[in-house]
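Report on the following structure.
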Amino acid sequence: MKKIFLVLFLSVLGHGLFAQVRFIERFEVESELDAPLFEMIDSEAGLVCFRTLPDKGLSMRRVFQYFIADTRLDSKEGVIEFPVREGFDMLGYDIDHNQLFVLFTQGFALNADKYLLQVDLETKRGLEFVIDNVLAMELVEFLVQDQKAIFMGSSDNRPVLQIHDLVTKSVHTLQGIYGNDTQILQIKKNPEVRSLEVVLSRKGAYRNRDIIINTYDMAGNVVQEVKVDQFADPGQEIIDGILLSTGNYQEAMIGAFGLERRNSYQGMYIMDINEFGEFDFKLYTLADFPNFYNYLNEKTKGKRDAEILKELDKERIPSINSIYSIRNVQQTPDAYYVYFDQYSVSNSRSGFQNGMYSPTGGYRYDRWSRMGATTFSDPYLANRFPMSSSYQTVPEYRYVSAHFAKVAKTGQVIWDNATSYNEFVTTYPEAFGEVAVVGEDFYHMYVEDQIIKLSFFRNGEKIFENQEFELGLVNEEERIRDTNLASLRLIHWYDRYFLLSGTQRIRFLNDAGADEIREVYFLTKIVVDGDLYTPEELPD
């Protein structure tokens with residue numbers, strides 16, 4: 001009788017766990033398991049998904065496919081196709097004013113011929129532009145703003161950024177960028193004021209590196225320059241950062257700082273920048289994050305906390321043992337929600353360094369709105385961008401922990417917490433997890449192999465950590481036969497909703513009641529709900 005009760009209890013508990021992650025909507029496109037994947041952009045018209053794939057027959061032509069889905073993953077028109085010029089394939093993309101722009105290249109040589117396809121997402125009409133007067137470069141970033149295409153890349157191992165006017169055909173090369181010991185860390189469009197912001201890292205005096213935030217108009221003129229040539233105490237440096245707008249022409253840059261040349265991370269900084277380009281810093285160390293080691297068991301956490309106290313008693317700043325990298329910042333009018341990953345990089349042959357001191361740069365790109373050609377180990381882009389010659393070996397990333405904090409814009413840390421990654425190893429170089437902020441609820445979710453892992457915090461308190469959920473379907477009468485693990489991609493969409501995409505084989509019953517298999521590219525909408533978690537103990 002006790003055994004029966006235990007089985008029933010575990011069944012009910014398992015059902016409760018599954019309910020925290022529910023697969024509620026799904027859209028499918030017929031596609032082979034190893035076919036090219038769809039890229040995704042959220043737009044005014046809806047979720048835009050697109051790809052190129054070989055046209056039927058023996059020609060060298062490819063076809064461009066896209067579809068637009070609403071928040072229920074319904075697509076009224078379905079998949080729409082445009083022909084691609086023979087020998088060309090997709091290299092970059094962006095969206096601007098409900099217009100989708102796709103850059104095509106004929107091969108991946110630096111001077112390869114290129115053209116641009118503009119698709120009006122309302123009328124579904126396409127327009128092509130020849131790109132024939134842009135400097136030959138190894139493309140890293142492609143953007144469009146106000147009918148001006150922005151090309152950022154590397155030429156002769158130096159960064160270069162050009163603005164190509166699609167109407168007048170004029171090209172403007174941005175000044176103050178091309179040079180030795182200079183790297184572009186981030187580009188950010190400012191549609192409200194029709195400008196472009198570029199975050200630069202440049203070698204300064206005494207071997208230190210300066211951070212420069214330049215604002216350009218769309219003719220390539222410098223409107224404002226913010227130069228950060230002094231940071232905190234001597235020897236302390238900005239290691240990475242994310243620049244974001246905070247309203248009223250003010251900005252903030254948030255990231256990690258430490259002793260870069262010693263590979264020593266010391267904590268987080270917030271740089272507030274006003275409308276006149278004046279700035280100040282707030283610094284946060286492990287003394288400000290009492291729950292930093294919450295990813296460890298109680299005994300080990302106690303030892304680490306004691307070590308921090310010893311360092312503070314000696315008036316030293318405690319070090320963070322591994323790479324401490326900013327991944328995501330979300331904001332409310334009064335606070336920032338920040339997400340860091342702690343990990344290490346292992347590949348002795350690669351000579352890999354993290355952040356701005358990396359020989360290939362620490363550039364951040366937003367895969368939601370655009371793509372770059374040097375993201376060599378991104379599983380969604382690698383098969384499309386074999387052009388980068390900067391990488392000889394692929395580094396491995398050993399993920400240790402994920403760290404979260406809510407910080408008031410007035411400066412105080414409201415809460416902090418952490419979860420463990422259990423030190424899994426991957427070659428994926430970007431942020432591995434996705435976060436959602438819903439009121440005072442905070443979710444962190446990622447996919448490892450075929451398992452979704454979810455952590456949930458409320459008002460900073462960890463409610464549960466790394467709860468596991470199997471991939472599921474909306475139609476309970478169907479079954480997943482195979483999943484291409486390399487194709488899986490998880491993205492936070494809005495509110496408490498996430499998107500999971502990839503390719504699968506699905507087993508189903510046809511109208512005659514016989515088993516059939518279909519191969520599809522899928523988009524699945526996932527809703528998370530921490531309120532459905534009810535921890536219970538097994539009976540004695």
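All residue names refer to the structure tokens as shown: chains lettered A, B, ... in order, residues numbered from 1 in each chain, ligands numbered from 1 in order.
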
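Using only C-alpha atoms, the residues found no farther than 7 Å from Leu73 in chain A, other than those of its own chain fewer than 3 positions away, are Glu25, Arg26, Phe27, Ala69 and Asp70 of chain A.
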
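Of note, CA of Ile317 in chain A and CA of Ala287 in chain A are spaced 8.4 Å apart.
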
Can you tell me which residues surround Leu127 in chain A at a distance of at most 8 Å, considering only C-alpha atoms, apart from same-chain residues fewer than 4 positions away, and format the answer as a short mmCIF file (atom, residue, chain, number, x, y, z; two decimals) with N, CA, C and O atoms, in the first residue's frame?
```cif
data_model
loop_
_atom_site.label_atom_id
_atom_site.label_comp_id
_atom_site.auth_asym_id
_atom_site.auth_seq_id
_atom_site.Cartn_x
_atom_site.Cartn_y
_atom_site.Cartn_z
N LEU A 117 18.64 43.00 -50.27
CA LEU A 117 17.21 42.81 -50.51
C LEU A 117 16.43 43.51 -49.41
O LEU A 117 16.64 43.25 -48.22
N GLN A 118 15.54 44.42 -49.80
CA GLN A 118 14.65 45.10 -48.86
C GLN A 118 13.24 44.56 -49.04
O GLN A 118 12.68 44.62 -50.14
N VAL A 119 12.67 44.02 -47.98
CA VAL A 119 11.33 43.45 -48.02
C VAL A 119 10.41 44.29 -47.15
O VAL A 119 10.65 44.47 -45.95
#
```

(request) Name all residues at most 8 Å from Ile491 in chain A (count only C-alpha atoms; drop same-chain ones fewer than 3 positions away) and give them as a PyMOL selection string. (result) chain A and resi 434+498-500

Atoms to include: N, CA and C atoms. Write the selected residues as a short mmCIF file (atom, residue, chain, number, x, y, z; two decimals), in the first residue's frame.
```cif
data_model
loop_
_atom_site.label_atom_id
_atom_site.label_comp_id
_atom_site.auth_asym_id
_atom_site.auth_seq_id
_atom_site.Cartn_x
_atom_site.Cartn_y
_atom_site.Cartn_z
N GLU A 434 18.76 32.48 -20.84
CA GLU A 434 17.83 33.56 -21.15
C GLU A 434 17.10 33.93 -19.87
N PHE A 498 8.77 32.37 -23.71
CA PHE A 498 10.01 32.06 -24.39
C PHE A 498 9.70 31.39 -25.71
N LEU A 499 10.67 31.38 -26.61
CA LEU A 499 10.57 30.68 -27.88
C LEU A 499 11.67 29.62 -27.98
N LEU A 500 11.28 28.42 -28.32
CA LEU A 500 12.22 27.35 -28.59
C LEU A 500 12.08 26.98 -30.06
#
```

(message) Just want the 12 Å neighbourhood of Phe129 in chain A, counted on only C-alpha atoms, with same-chain residues fewer than 3 positions away dropped. Output as a ChimeraX atom specification.
(response) /A:101-104,113-119,126,132-133,147-149,164-169

Export C-alpha atoms of the chosen residues as a JSON list (two decimals), in the first residue's frame?
```
[["chain", "number", "residue", "atom", "x", "y", "z"],
["A", 101, "PHE", "CA", 16.98, 44.12, -45.02],
["A", 102, "VAL", "CA", 18.99, 41.05, -46.03],
["A", 103, "LEU", "CA", 22.58, 41.29, -47.26],
["A", 104, "PHE", "CA", 23.72, 38.69, -49.81],
["A", 113, "ASP", "CA", 30.10, 41.06, -54.84],
["A", 114, "LYS", "CA", 27.17, 41.95, -52.59],
["A", 115, "TYR", "CA", 23.60, 43.12, -52.91],
["A", 116, "LEU", "CA", 20.82, 44.02, -50.51],
["A", 117, "LEU", "CA", 17.21, 42.81, -50.51],
["A", 118, "GLN", "CA", 14.65, 45.10, -48.86],
["A", 119, "VAL", "CA", 11.33, 43.45, -48.02],
["A", 126, "GLY", "CA", 10.94, 43.23, -52.39],
["A", 132, "ASP", "CA", 29.50, 48.06, -55.02],
["A", 133, "ASN", "CA", 31.45, 50.86, -53.35],
["A", 147, "GLN", "CA", 17.79, 53.81, -45.63],
["A", 148, "LYS", "CA", 21.49, 53.83, -44.75],
["A", 149, "ALA", "CA", 23.36, 50.54, -44.53],
["A", 164, "HIS", "CA", 26.33, 53.47, -47.30],
["A", 165, "ASP", "CA", 23.36, 55.62, -48.34],
["A", 166, "LEU", "CA", 21.05, 53.33, -50.34],
["A", 167, "VAL", "CA", 19.40, 56.28, -52.09],
["A", 168, "THR", "CA", 22.34, 58.53, -53.02],
["A", 169, "LYS", "CA", 24.94, 55.69, -53.16]]
```

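The closest residue to Asn510 in chain A, picked from A:Glu32, A:Glu477, A:Glu86, A:Asp495 and counting only C-alpha atoms, is A:Glu477.
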
(request) Would you mind writing down, as a PyMOL selection string, each residue of range 203-368 of chain A that DSSP on the backbone assigns to helix (DSSP H, G or I)? (result) chain A and resi 205-207+260-262+286-288+298-313+355-357

How would the residues just chosen look if you wrote them out with N, CA, C and O atoms as a CSV table (one decimal), in the first residue's frame?
```
chain,number,residue,atom,x,y,z
A,205,ALA,N,48.0,55.3,-22.7
A,205,ALA,CA,49.4,55.4,-22.0
A,205,ALA,C,49.5,54.4,-20.9
A,205,ALA,O,48.6,53.9,-20.4
A,206,TYR,N,50.8,54.0,-20.7
A,206,TYR,CA,51.1,53.1,-19.6
A,206,TYR,C,50.4,51.8,-19.7
A,206,TYR,O,50.1,51.1,-18.8
A,207,ARG,N,50.2,51.3,-21.0
A,207,ARG,CA,49.7,50.0,-21.3
A,207,ARG,C,48.2,49.8,-20.9
A,207,ARG,O,47.7,48.8,-21.1
A,260,GLU,N,42.7,43.5,-15.7
A,260,GLU,CA,42.7,42.6,-16.9
A,260,GLU,C,44.0,41.9,-17.2
A,260,GLU,O,44.0,40.8,-17.6
A,261,ARG,N,45.1,42.6,-17.1
A,261,ARG,CA,46.3,42.0,-17.5
A,261,ARG,C,46.7,40.9,-16.6
A,261,ARG,O,47.6,40.1,-16.9
A,262,ARG,N,46.1,40.9,-15.4
A,262,ARG,CA,46.4,39.8,-14.5
A,262,ARG,C,45.2,38.8,-14.5
A,262,ARG,O,45.2,37.8,-13.7
A,286,LEU,N,32.5,41.8,-4.3
A,286,LEU,CA,31.8,40.7,-3.6
A,286,LEU,C,31.3,41.1,-2.3
A,286,LEU,O,30.4,40.4,-1.7
A,287,ALA,N,31.8,42.2,-1.7
A,287,ALA,CA,31.3,42.7,-0.5
A,287,ALA,C,29.9,43.2,-0.6
A,287,ALA,O,29.1,43.2,0.3
A,288,ASP,N,29.5,43.6,-1.8
A,288,ASP,CA,28.2,44.1,-2.1
A,288,ASP,C,27.2,43.0,-2.6
A,288,ASP,O,26.0,43.2,-2.7
A,298,GLU,N,26.2,24.4,1.1
A,298,GLU,CA,26.3,25.3,2.3
A,298,GLU,C,27.7,25.3,2.9
A,298,GLU,O,28.2,26.4,3.3
A,299,LYS,N,28.3,24.2,2.9
A,299,LYS,CA,29.7,24.1,3.5
A,299,LYS,C,30.7,24.8,2.7
A,299,LYS,O,31.5,25.6,3.3
A,300,THR,N,30.7,24.6,1.4
A,300,THR,CA,31.7,25.3,0.6
A,300,THR,C,31.4,26.8,0.5
A,300,THR,O,32.3,27.6,0.5
A,301,LYS,N,30.1,27.2,0.5
A,301,LYS,CA,29.8,28.6,0.5
A,301,LYS,C,30.3,29.3,1.7
A,301,LYS,O,30.8,30.4,1.7
A,302,GLY,N,30.2,28.6,2.9
A,302,GLY,CA,30.7,29.1,4.1
A,302,GLY,C,32.2,29.4,4.1
A,302,GLY,O,32.6,30.4,4.6
A,303,LYS,N,32.9,28.5,3.5
A,303,LYS,CA,34.4,28.7,3.4
A,303,LYS,C,34.7,29.9,2.5
A,303,LYS,O,35.6,30.7,2.8
A,304,ARG,N,34.0,30.0,1.3
A,304,ARG,CA,34.2,31.1,0.4
A,304,ARG,C,33.8,32.4,1.1
A,304,ARG,O,34.6,33.4,0.9
A,305,ASP,N,32.7,32.5,1.8
A,305,ASP,CA,32.3,33.7,2.5
A,305,ASP,C,33.4,34.1,3.5
A,305,ASP,O,33.7,35.3,3.7
A,306,ALA,N,33.9,33.1,4.2
A,306,ALA,CA,35.0,33.4,5.2
A,306,ALA,C,36.2,34.0,4.5
A,306,ALA,O,36.9,34.9,5.1
A,307,GLU,N,36.6,33.5,3.4
A,307,GLU,CA,37.7,34.0,2.6
A,307,GLU,C,37.5,35.4,2.2
A,307,GLU,O,38.4,36.2,2.3
A,308,ILE,N,36.3,35.8,1.8
A,308,ILE,CA,36.0,37.2,1.5
A,308,ILE,C,36.2,38.1,2.7
A,308,ILE,O,36.8,39.2,2.6
A,309,LEU,N,35.7,37.7,3.8
A,309,LEU,CA,35.8,38.5,5.0
A,309,LEU,C,37.3,38.7,5.4
A,309,LEU,O,37.7,39.8,5.8
A,310,LYS,N,38.1,37.7,5.2
A,310,LYS,CA,39.5,37.8,5.5
A,310,LYS,C,40.2,38.9,4.5
A,310,LYS,O,41.0,39.7,5.0
A,311,GLU,N,39.8,38.8,3.3
A,311,GLU,CA,40.3,39.8,2.3
A,311,GLU,C,39.9,41.2,2.7
A,311,GLU,O,40.7,42.1,2.6
A,312,LEU,N,38.6,41.3,3.1
A,312,LEU,CA,38.1,42.7,3.4
A,312,LEU,C,38.8,43.2,4.7
A,312,LEU,O,39.1,44.4,4.8
A,313,ASP,N,39.1,42.3,5.7
A,313,ASP,CA,39.8,42.7,6.9
A,313,ASP,C,41.2,43.2,6.6
A,313,ASP,O,41.7,44.1,7.3
A,355,GLY,N,37.2,39.2,-23.5
A,355,GLY,CA,37.0,40.7,-23.4
A,355,GLY,C,37.8,41.5,-24.4
A,355,GLY,O,38.2,41.0,-25.4
A,356,MET,N,38.1,42.7,-24.0
A,356,MET,CA,38.7,43.7,-25.0
A,356,MET,C,40.1,43.3,-25.3
A,356,MET,O,40.7,43.9,-26.2
A,357,TYR,N,40.8,42.5,-24.5
A,357,TYR,CA,42.1,42.1,-24.8
A,357,TYR,C,42.3,40.9,-25.7
A,357,TYR,O,43.3,40.5,-26.0
```

(request) Go through range 249-278 of chain A and collect every residue that DSSP, computed from the backbone, puts in strand (DSSP E); the answer should be as a PyMOL selection string. (result) chain A and resi 250-259+264-273

Those same residues - N, CA, C and O atoms - I'd like them written as a short mmCIF file (atom, residue, chain, number, x, y, z; two decimals), in the first residue's frame.
```
data_model
loop_
_atom_site.label_atom_id
_atom_site.label_comp_id
_atom_site.auth_asym_id
_atom_site.auth_seq_id
_atom_site.Cartn_x
_atom_site.Cartn_y
_atom_site.Cartn_z
N GLN A 250 19.97 60.19 -21.61
CA GLN A 250 20.99 59.68 -20.69
C GLN A 250 21.20 58.20 -20.94
O GLN A 250 20.34 57.52 -21.48
N GLU A 251 22.39 57.71 -20.53
CA GLU A 251 22.76 56.32 -20.81
C GLU A 251 23.45 55.72 -19.60
O GLU A 251 23.85 56.42 -18.66
N ALA A 252 23.61 54.43 -19.66
CA ALA A 252 24.38 53.71 -18.65
C ALA A 252 25.17 52.60 -19.35
O ALA A 252 24.72 52.05 -20.35
N MET A 253 26.34 52.32 -18.82
CA MET A 253 27.13 51.20 -19.29
C MET A 253 27.42 50.33 -18.08
O MET A 253 27.88 50.81 -17.04
N ILE A 254 27.10 49.04 -18.21
CA ILE A 254 27.20 48.10 -17.09
C ILE A 254 28.04 46.91 -17.52
O ILE A 254 27.85 46.36 -18.61
N GLY A 255 28.97 46.51 -16.67
CA GLY A 255 29.81 45.37 -17.02
C GLY A 255 30.74 44.99 -15.89
O GLY A 255 30.55 45.38 -14.73
N ALA A 256 31.77 44.22 -16.23
CA ALA A 256 32.74 43.72 -15.25
C ALA A 256 33.99 44.59 -15.26
O ALA A 256 34.37 45.15 -16.28
N PHE A 257 34.63 44.68 -14.09
CA PHE A 257 35.91 45.37 -14.01
C PHE A 257 36.88 44.52 -13.20
O PHE A 257 36.50 43.59 -12.50
N GLY A 258 38.16 44.87 -13.32
CA GLY A 258 39.18 44.14 -12.57
C GLY A 258 40.55 44.52 -13.04
O GLY A 258 40.78 45.62 -13.55
N LEU A 259 41.48 43.60 -12.86
CA LEU A 259 42.86 43.77 -13.30
C LEU A 259 43.04 42.90 -14.53
O LEU A 259 43.43 41.74 -14.42
N SER A 264 42.27 39.06 -13.53
CA SER A 264 41.62 39.07 -12.23
C SER A 264 40.37 39.93 -12.30
O SER A 264 40.44 41.14 -12.53
N TYR A 265 39.22 39.30 -12.07
CA TYR A 265 37.94 40.02 -12.07
C TYR A 265 37.59 40.40 -10.63
O TYR A 265 37.74 39.58 -9.71
N GLN A 266 37.11 41.62 -10.44
CA GLN A 266 36.86 42.09 -9.09
C GLN A 266 35.40 42.45 -8.83
O GLN A 266 35.01 42.60 -7.69
N GLY A 267 34.59 42.61 -9.88
CA GLY A 267 33.19 42.92 -9.64
C GLY A 267 32.52 43.61 -10.80
O GLY A 267 32.93 43.46 -11.95
N MET A 268 31.48 44.37 -10.48
CA MET A 268 30.63 45.02 -11.48
C MET A 268 30.70 46.53 -11.33
O MET A 268 30.86 47.04 -10.21
N TYR A 269 30.61 47.24 -12.44
CA TYR A 269 30.53 48.69 -12.41
C TYR A 269 29.25 49.14 -13.13
O TYR A 269 28.72 48.45 -13.99
N ILE A 270 28.78 50.32 -12.76
CA ILE A 270 27.73 51.01 -13.50
C ILE A 270 28.25 52.41 -13.81
O ILE A 270 28.60 53.15 -12.89
N MET A 271 28.35 52.74 -15.08
CA MET A 271 28.77 54.08 -15.48
C MET A 271 27.54 54.83 -15.98
O MET A 271 26.93 54.45 -16.97
N ASP A 272 27.18 55.89 -15.28
CA ASP A 272 26.06 56.75 -15.67
C ASP A 272 26.59 57.89 -16.53
O ASP A 272 27.55 58.56 -16.15
N ILE A 273 25.96 58.12 -17.68
CA ILE A 273 26.39 59.17 -18.61
C ILE A 273 25.21 60.11 -18.83
O ILE A 273 24.12 59.68 -19.23
#
```

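Here CA of Gln450 in chain A stands at a distance of 11.4 Å from CA of Gly502 in chain A.
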
(request) May I have the residues within 6 Å of range 33-39 of chain A as a ChimeraX atom specification, using only C-alpha atoms and disregarding those fewer than 3 positions away in the same chain? (result) /A:49-51,503-504

(request) Identify which of the residues A:Leu296, A:Val407, A:Leu523, A:Val171 lies closest to Asn422 in chain A, counting only C-alpha atoms when measuring atom-to-atom distances. (result)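 Of A:Leu296, A:Val407, A:Leu523, A:Val171, the one nearest Asn422 in chain A is A:Leu296, counting only C-alpha atoms.
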
(request) Go through A:Asn98, A:Asn475, A:Gln20, A:Thr52 and flag the residue nearest Tyr497 in chain A, using only C-alpha atoms for the distances. (result)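 When distances to Tyr497 in chain A are compared using only C-alpha atoms, the smallest one comes from A:Gln20.
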
(request) Might you pull out every residue within 8 Å of Ser154 in chain A, with only C-alpha atoms counted and same-chain residues fewer than 3 positions away left off, and present them as a list in words? (result) Met137, Glu138, Leu139, Val140, Asn157, Arg158, Pro159 and Val160 of chain A

Could you dump the residues just selected with N, CA, C and O atoms as a PDB file, in the first residue's frame?
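Below you can see again26.pdb, which holds the result:
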```pdb
ATOM      1  N   MET A 137      36.191  44.231 -46.600  1.00  0.00           N
ATOM      2  CA  MET A 137      36.436  43.997 -45.177  1.00  0.00           C
ATOM      3  C   MET A 137      35.899  42.637 -44.773  1.00  0.00           C
ATOM      4  O   MET A 137      35.043  42.056 -45.452  1.00  0.00           O
ATOM      5  N   GLU A 138      36.406  42.129 -43.667  1.00  0.00           N
ATOM      6  CA  GLU A 138      35.851  40.925 -43.058  1.00  0.00           C
ATOM      7  C   GLU A 138      34.699  41.379 -42.178  1.00  0.00           C
ATOM      8  O   GLU A 138      34.892  41.974 -41.116  1.00  0.00           O
ATOM      9  N   LEU A 139      33.474  41.152 -42.625  1.00  0.00           N
ATOM     10  CA  LEU A 139      32.303  41.746 -42.002  1.00  0.00           C
ATOM     11  C   LEU A 139      32.048  41.138 -40.622  1.00  0.00           C
ATOM     12  O   LEU A 139      32.076  39.922 -40.442  1.00  0.00           O
ATOM     13  N   VAL A 140      31.797  42.011 -39.651  1.00  0.00           N
ATOM     14  CA  VAL A 140      31.431  41.603 -38.303  1.00  0.00           C
ATOM     15  C   VAL A 140      30.003  42.020 -37.981  1.00  0.00           C
ATOM     16  O   VAL A 140      29.278  41.325 -37.287  1.00  0.00           O
ATOM     17  N   ASN A 157      43.556  44.076 -40.509  1.00  0.00           N
ATOM     18  CA  ASN A 157      43.592  43.853 -39.061  1.00  0.00           C
ATOM     19  C   ASN A 157      43.281  45.121 -38.264  1.00  0.00           C
ATOM     20  O   ASN A 157      43.677  45.250 -37.107  1.00  0.00           O
ATOM     21  N   ARG A 158      42.596  46.063 -38.873  1.00  0.00           N
ATOM     22  CA  ARG A 158      42.158  47.271 -38.184  1.00  0.00           C
ATOM     23  C   ARG A 158      40.653  47.416 -38.363  1.00  0.00           C
ATOM     24  O   ARG A 158      40.122  47.086 -39.413  1.00  0.00           O
ATOM     25  N   PRO A 159      39.958  47.933 -37.350  1.00  0.00           N
ATOM     26  CA  PRO A 159      38.504  48.073 -37.467  1.00  0.00           C
ATOM     27  C   PRO A 159      38.140  49.195 -38.426  1.00  0.00           C
ATOM     28  O   PRO A 159      38.828  50.213 -38.516  1.00  0.00           O
ATOM     29  N   VAL A 160      37.048  49.009 -39.138  1.00  0.00           N
ATOM     30  CA  VAL A 160      36.556  50.034 -40.057  1.00  0.00           C
ATOM     31  C   VAL A 160      35.034  50.023 -40.012  1.00  0.00           C
ATOM     32  O   VAL A 160      34.417  48.958 -39.845  1.00  0.00           O
TER      33      VAL A 160
END
```

(message) If I take CA of His444 in chain A and CA of Thr483 in chain A, how far is one from the other in Å, to one decimal?
(response)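 Distance reported for this atom pair: 22.9 Å.
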
(message) Please determine, counting only C-alpha atoms, which residue among A:Met40, A:Ile506, A:Ala335, A:Val222 has the shortest atom-to-atom distance to Val437 in chain A.
(response)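 Selected residue with least distance to Val437 in chain A: A:Ala335.
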